[in-house]
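data.txt (compact mmCIF, C-alpha atoms)
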```
# COMPACT_ATOMS: atom_id res chain seq x y z
CA MET A 681 148.77 43.76 174.88
CA ASN A 682 151.20 45.90 172.86
CA ARG A 683 149.37 47.60 169.97
CA VAL A 684 151.64 47.59 166.92
CA MET A 685 151.17 49.59 163.73
CA PHE A 686 153.28 49.18 160.58
CA PHE A 687 154.09 52.00 158.15
CA ILE A 688 155.45 50.55 154.89
CA ASP A 689 157.38 52.72 152.44
CA GLY A 690 156.33 50.98 149.24
CA PHE A 691 158.94 52.48 146.93
CA ASN A 692 161.81 52.03 149.36
CA PHE A 693 160.85 48.36 149.62
CA TYR A 694 160.31 48.00 145.86
CA HIS A 695 163.73 49.43 145.02
CA SER A 696 165.35 47.07 147.52
CA LEU A 697 163.87 44.16 145.55
CA MET A 698 164.93 45.65 142.23
CA SER A 699 168.53 46.14 143.38
CA GLU A 700 169.37 42.49 142.64
CA LYS A 701 167.96 40.35 139.84
CA ARG A 702 167.49 37.31 142.11
CA LEU A 703 165.05 39.34 144.23
CA HIS A 704 162.78 40.47 141.37
CA LYS A 705 160.61 37.36 141.72
CA PHE A 706 159.56 38.39 145.22
CA ARG A 707 157.61 41.51 144.19
CA TRP A 708 154.23 39.73 144.53
CA ILE A 709 154.50 40.05 148.28
CA ASP A 710 151.96 39.73 151.06
CA TYR A 711 153.05 42.54 153.36
CA GLY A 712 150.58 41.46 156.01
CA LYS A 713 152.19 38.04 156.16
CA LEU A 714 155.67 39.59 156.10
CA VAL A 715 155.21 41.92 159.06
CA ARG A 716 153.66 39.15 161.15
CA LEU A 717 157.07 37.49 161.09
CA PHE A 718 158.41 40.36 163.20
CA VAL A 719 155.93 40.45 166.08
CA THR A 720 155.51 38.32 169.21
CA SER A 721 152.55 36.76 170.98
CA ASN A 722 152.43 39.86 173.19
CA ASP A 723 151.82 42.09 170.17
CA GLN A 724 148.55 42.96 168.46
CA ILE A 725 148.84 44.36 164.94
CA VAL A 726 146.20 47.07 164.82
CA GLU A 727 146.90 48.37 161.32
CA ILE A 728 149.24 47.93 158.36
CA ILE A 729 149.57 50.98 156.12
CA TYR A 730 151.25 50.81 152.72
CA PHE A 731 152.39 54.09 151.12
CA THR A 732 152.86 54.19 147.35
CA SER A 733 152.15 55.95 144.03
CA TYR A 734 151.17 54.75 140.56
CA ALA A 735 153.67 55.14 137.70
CA PHE A 736 151.17 56.90 135.43
CA TRP A 737 153.57 57.12 132.44
CA ASP A 738 153.93 53.33 132.10
CA GLN A 739 150.63 51.49 131.65
CA GLN A 740 152.15 48.02 132.03
CA LYS A 741 153.84 48.91 135.32
CA GLN A 742 150.69 50.58 136.56
CA LYS A 743 148.57 47.53 135.68
CA LYS A 744 150.87 45.20 137.63
CA HIS A 745 151.07 47.63 140.52
CA LYS A 746 147.29 47.94 140.65
CA ALA A 747 147.00 44.15 140.85
CA LEU A 748 149.33 44.17 143.86
CA ILE A 749 147.37 46.99 145.50
CA ASP A 750 144.08 45.13 144.96
CA ALA A 751 145.59 41.98 146.48
CA LEU A 752 146.92 43.88 149.51
CA ARG A 753 143.53 45.49 150.10
CA LEU A 754 141.94 42.04 150.08
CA LYS A 755 144.45 41.05 152.77
CA GLY A 756 143.43 43.99 154.97
CA VAL A 757 146.31 46.36 154.21
CA ASN A 758 145.35 50.04 154.10
CA ILE A 759 146.75 52.07 151.18
CA VAL A 760 147.85 55.71 151.17
CA PHE A 761 148.72 57.21 147.78
CA GLY A 762 151.22 59.89 146.96
CA LYS A 763 151.96 60.89 143.38
CA PHE A 764 154.63 61.34 140.78
CA LYS A 765 155.53 64.68 139.26
CA MET A 766 157.61 65.34 136.18
CA ARG A 767 160.69 67.44 136.79
CA ASP A 768 163.33 68.87 134.49
CA LYS A 769 166.77 67.28 134.35
CA LYS A 770 169.74 68.57 132.40
CA CYS A 771 171.96 66.30 130.35
CA ARG A 772 175.60 66.74 131.39
CA VAL A 773 176.84 65.77 127.94
CA CYS A 774 174.70 67.86 125.58
CA ASN A 775 173.17 70.36 128.04
CA SER A 776 169.67 69.63 126.75
CA THR A 777 166.79 69.45 129.23
CA TYR A 778 164.40 66.55 129.53
CA LYS A 779 161.72 65.46 131.98
CA ILE A 780 161.86 62.54 134.39
CA PRO A 781 159.26 61.30 136.89
CA GLU A 782 159.96 61.96 140.56
CA GLU A 783 157.98 60.32 143.34
CA LYS A 784 156.50 62.85 145.74
CA GLN A 785 154.74 62.86 149.11
CA THR A 786 155.52 59.36 150.43
CA ASP A 787 157.83 60.47 153.24
CA ILE A 788 155.49 63.36 154.06
CA ASN A 789 152.48 61.04 154.04
CA ILE A 790 154.25 58.62 156.38
CA ALA A 791 155.28 61.43 158.73
CA VAL A 792 151.78 62.91 158.84
CA LYS A 793 150.07 59.55 159.35
CA LEU A 794 152.60 58.56 162.03
CA LEU A 795 151.88 61.68 164.08
CA GLU A 796 148.13 61.53 163.41
CA LYS A 797 147.93 57.96 164.70
CA ALA A 798 150.03 58.87 167.75
CA ILE A 799 147.85 61.87 168.58
CA ASN A 800 144.78 59.61 168.40
CA ASP A 801 146.57 57.04 170.59
CA GLU A 802 146.04 54.24 168.08
CA PHE A 803 149.31 52.40 168.76
CA ASP A 804 151.87 51.70 171.46
CA THR A 805 154.61 50.75 169.02
CA ALA A 806 155.08 52.03 165.47
CA ILE A 807 157.34 50.12 163.09
CA LEU A 808 158.63 51.88 159.98
CA VAL A 809 159.39 49.57 157.07
CA THR A 810 161.94 51.77 155.29
CA ALA A 811 165.50 52.99 155.22
CA ASP A 812 164.61 56.56 154.23
CA SER A 813 166.48 58.97 156.50
CA ASP A 814 164.10 61.78 155.45
CA LEU A 815 161.82 60.41 158.19
CA VAL A 816 164.29 61.32 160.97
CA PRO A 817 162.52 64.64 161.83
CA ALA A 818 159.16 62.85 162.12
CA VAL A 819 160.63 60.21 164.44
CA GLU A 820 162.30 62.89 166.55
CA ALA A 821 158.98 64.75 166.84
CA LEU A 822 157.14 61.58 167.81
CA LYS A 823 159.64 60.71 170.53
CA LYS A 824 159.54 64.25 171.92
CA LEU A 825 155.75 64.51 171.97
CA PHE A 826 154.99 60.90 172.96
CA PRO A 827 157.97 59.55 174.95
CA ALA A 828 156.01 56.51 176.14
CA LYS A 829 155.48 55.24 172.60
CA ARG A 830 158.15 53.05 171.01
CA ILE A 831 159.26 53.25 167.42
CA GLY A 832 161.14 50.55 165.56
CA LEU A 833 162.60 49.90 162.13
CA LEU A 834 162.21 47.02 159.74
CA PHE A 835 164.81 47.53 157.05
CA PRO A 836 164.01 46.27 153.53
CA ILE A 837 166.50 43.68 152.31
CA GLY A 838 169.95 45.14 151.74
CA ARG A 839 169.02 48.58 153.08
CA SER A 840 170.08 50.51 156.18
CA SER A 841 170.16 54.00 157.69
CA ILE A 842 172.44 54.89 160.57
CA GLU A 843 170.50 58.12 161.12
CA LEU A 844 167.26 56.22 161.69
CA GLU A 845 168.95 53.50 163.73
CA ASN A 846 170.38 56.08 166.12
CA ILE A 847 167.01 57.49 167.09
CA CYS A 848 164.74 54.44 166.99
CA ASP A 849 164.21 51.99 169.85
CA PHE A 850 164.95 48.78 167.94
CA LYS A 851 165.53 47.40 164.46
CA SER A 852 165.12 44.23 162.42
CA ARG A 853 166.04 43.35 158.85
CA VAL A 854 164.12 41.62 156.10
CA LYS A 855 166.04 38.65 154.72
CA GLU A 856 165.47 36.49 151.67
CA LYS A 857 163.90 33.74 153.77
CA HIS A 858 161.24 36.22 154.92
CA LEU A 859 160.47 37.19 151.33
CA LYS A 860 160.15 33.54 150.29
CA SER A 861 157.63 32.79 153.02
CA SER A 862 155.55 35.93 152.44
CA GLN A 863 154.39 35.60 148.84
CA LEU A 864 150.80 36.10 147.79
CA PRO A 865 149.11 33.11 146.11
CA ASP A 866 149.32 33.07 142.32
CA SER A 867 145.53 33.29 142.19
CA ILE A 868 143.24 34.90 144.75
CA VAL A 869 139.57 33.90 144.60
CA LEU A 870 137.24 36.90 144.54
CA ASP A 871 134.00 35.08 143.73
CA ALA A 872 134.13 31.28 143.73
CA LYS A 873 130.64 30.90 142.25
CA LYS A 874 131.41 33.14 139.29
CA GLY A 875 134.99 31.95 138.97
CA ILE A 876 136.40 35.45 139.41
CA THR A 877 140.03 35.60 140.52
CA LEU A 878 142.82 38.13 140.98
CA ASP A 879 145.92 36.66 139.37
CA LYS A 880 149.60 37.34 139.77
CA PRO A 881 150.94 39.29 136.76
CA SER A 882 152.57 36.87 134.32
CA SER A 883 155.87 38.76 134.24
CA TRP A 884 156.22 38.37 138.03
```
As structure tokens, the full file:
Amino acid sequence: MNRVMFFIDGFNFYHSLMSEKRLHKFRWIDYGKLVRLFVTSNDQIVEIIYFTSYAFWDQQKQKKHKALIDALRLKGVNIVFGKFKMRDKKCRVCNSTYKIPEEKQTDINIAVKLLEKAINDEFDTAILVTADSDLVPAVEALKKLFPAKRIGLLFPIGRSSIELENICDFKSRVKEKHLKSSQLPDSIVLDAKKGITLDKPSSW
């Protein structure tokens, strides 16, 4: 049995959905269900890891994001958090400086976790769900240190990276039909007796 582990770049995937208005409705996504569309009967998914950060400056976004994270945890997805930092940006028109949030640590967290799991021999095949070419050095290191292990790509919808393609063993692409069939239920029962549910955010 081929042990498969998925490493999901949450923001890379999120921005792929936000790139087109027709895709916004698919944000309430069951990543466990999605990745199962890309394995065979000879594969055993041993872990699904979702890498993300909370947008601390926007309470509404954070509330919706937290609901998604809670739902994913209920579905057995493991979560690894990075963080946002504020950085200075200069206006080209007026030369004034202002601060913008910049997501940090996700690619580093994926790289570290990828090598950690390989060192512990927890997978035979790793599949990166991203199109972030910053992960090329980590993939190169993995292939050098563990040549028997395979590494594949699952590109978020509308995304690609030639640099990653050139060094990985195989690739697949998420399409709209996969998104449609991988949505979380609008309401997830937490405690049937008490009537406690986790509900899809209304704006999604």
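With distances restricted to all atoms listed in the file, A:Val719 is the closest residue to Met685 in chain A from A:Ile709, A:Val719, A:Leu752, A:Val792.
When CA of Pro817 in chain A is paired with CA of Ile799 in chain A, their separation reads 16.4 Å.
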Closest of A:Asp866, A:Asp723, A:Asp689, A:Glu802 to Ile790 in chain A - atom-to-atom distances counting all atoms listed in the file =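 For Ile790 in chain A, the nearest of the candidates is A:Asp689.
Using only C-alpha atoms, the nearest neighbour of Glu856 in chain A within the list A:Lys744, A:Arg716, A:Arg702, A:Lys797 is A:Arg702.
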Of the residues A:Lys743, A:Thr786, A:Ala811, A:Lys713, which is the one nearest to Pro865 in chain A, using only C-alpha atoms?
->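 Of the candidates, the smallest distance to Pro865 in chain A is held by A:Lys713.
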For Gly762 in chain A, which of A:Leu794, A:Val715, A:Ile788, A:Leu864 is the closest residue, counting all atoms listed in the file?
->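 Result for the nearest residue to Gly762 in chain A: A:Ile788.
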Of the candidates A:Leu754, A:Leu878, A:Ile831, A:Ile749, which one gets nearest to Arg683 in chain A if we count only C-alpha atoms?
-> A:Ile831
List the neighbours of Asn846 in chain A out to 12 Å using only C-alpha atoms; skip same-chain residues closer than 3 positions along the sequence, and give me the result as a ChimeraX atom specification.
-> /A:813,816,819-820,831-833,840-843,849-851
